[in-house]
Amino acid sequence: MNKEIATEIEEFFSQKGHNIPISEIESRLDKLINEFKVPTEEARRSVVNYFLKEYNIPKGDFFVQQGETPTVKVSDITSDGKWINISAKVAQLWDNNHESIDQAGLIGDETGTIKFVKWAKAELPSLVEGKSYLFKNVVTDNYQERFNIKFNRTSLIEEIQEDIEIGTLSVEFSGAMVGIQLGSGLIKRCPECNRALIKGVCGEHGKVEGTYDLRIKAVVDDGMSAQDALINREISEQLTGITLDEAKQMATEALDQEVVLEKFKDMLIGKYYLVKGPKLDRNILVEDISPLPPLELDQIDTIINQMEV
């Protein structure tokens, strides 16, 4: 198997006028696959990248001319370790404190959504929520029985004008709001990439003058499971009766943005709600939320008895 892969790599470079001793290719493949237990396809890419850098060959030209990377939809991703191209819209960027990760979140097309991770060492362009891109040479992965895709140094990102519509399944979930996570209340976002700032710093653009926003990252529990729910500014204002301007005034008077978060907790935690909206990975993106009366004691007893039957 290693001999076949080495021969294939040698032929690719030979077509570009570079004669690489097949013994060197085999040696690197053997070390990666047998000594370091790197998956075969990843080892192949690593060896190719080494010689691309060694001979100063533009990686984009090389991979495009190979013509081997399939273009897929999100729903086509059913195995890990596959190199693919995919056109998708950035549905969500997640807050991130990991130095090794540049950006993480969800991308999607008309067939669904999938998590992505873009490594910092890949040095790729920043993604912006709501924009569509063509992603080339990304690799599929499987973590905790969920597929995701990862960007690395061989990946390419091209913004496209097409406004890709994301296919999602709208769901309903009812229960008590048992928590409001950090990063809720009055926050600031980066004016360049829209990600939430952490202590005034954007992971991509450094210290910036952010723009204010409101959001609630709620946890709703129905007694059997907990569900994360992401509530945007408009619905947060409707739910709490506190506008963005009023929230900024509260923070100014208290000299502390956290006063808004604490106010939201006092108002909402322990109350019952029905939330509706598309579910993207672990979050329901709330499009509608309505209060529910708390369960009476006899209703709770009935539910418990039904569960015990």
# chains A, B, ... in the order shown; residues from 1 in each chain; ligands from 1
$ residues_around --residues "A:Asn96" --least-positions-apart "6" --cutoff "12 Å" --atoms "only C-alpha atoms" --output "list in words"
Asp102, Gln103, Ala104, Gly105, Val117, Lys118, Trp119, Ala120, Gly183, Arg195, Ala196, Leu197, Ile198, Val201, Cys202, Gly203 and Glu204 of chain A
$ select_by_dssp --residues "stretch 146-300 of chain A" --states "strand (DSSP E or B)" --output "number ranges by chain"
A: 146-151, 156-160, 170-180, 185-189, 196, 198, 201-202, 206-207, 211-221, 226-231, 272-280, 283-285, 288-292
$ closest_residue --among "A:Val139, A:Ile114, A:Ala88, A:Leu127" --to "A:Glu42" --atoms "only C-alpha atoms"
A:Val139
$ closest_residue --among "A:His205, A:Leu186, A:Val138, A:Gly223" --to "A:Met250" --atoms "only C-alpha atoms"
A:Leu186
$ atom_distance --atom1 "atom CA of A:Arg233" --atom2 "atom CA of A:Ser290"
15.8 Å
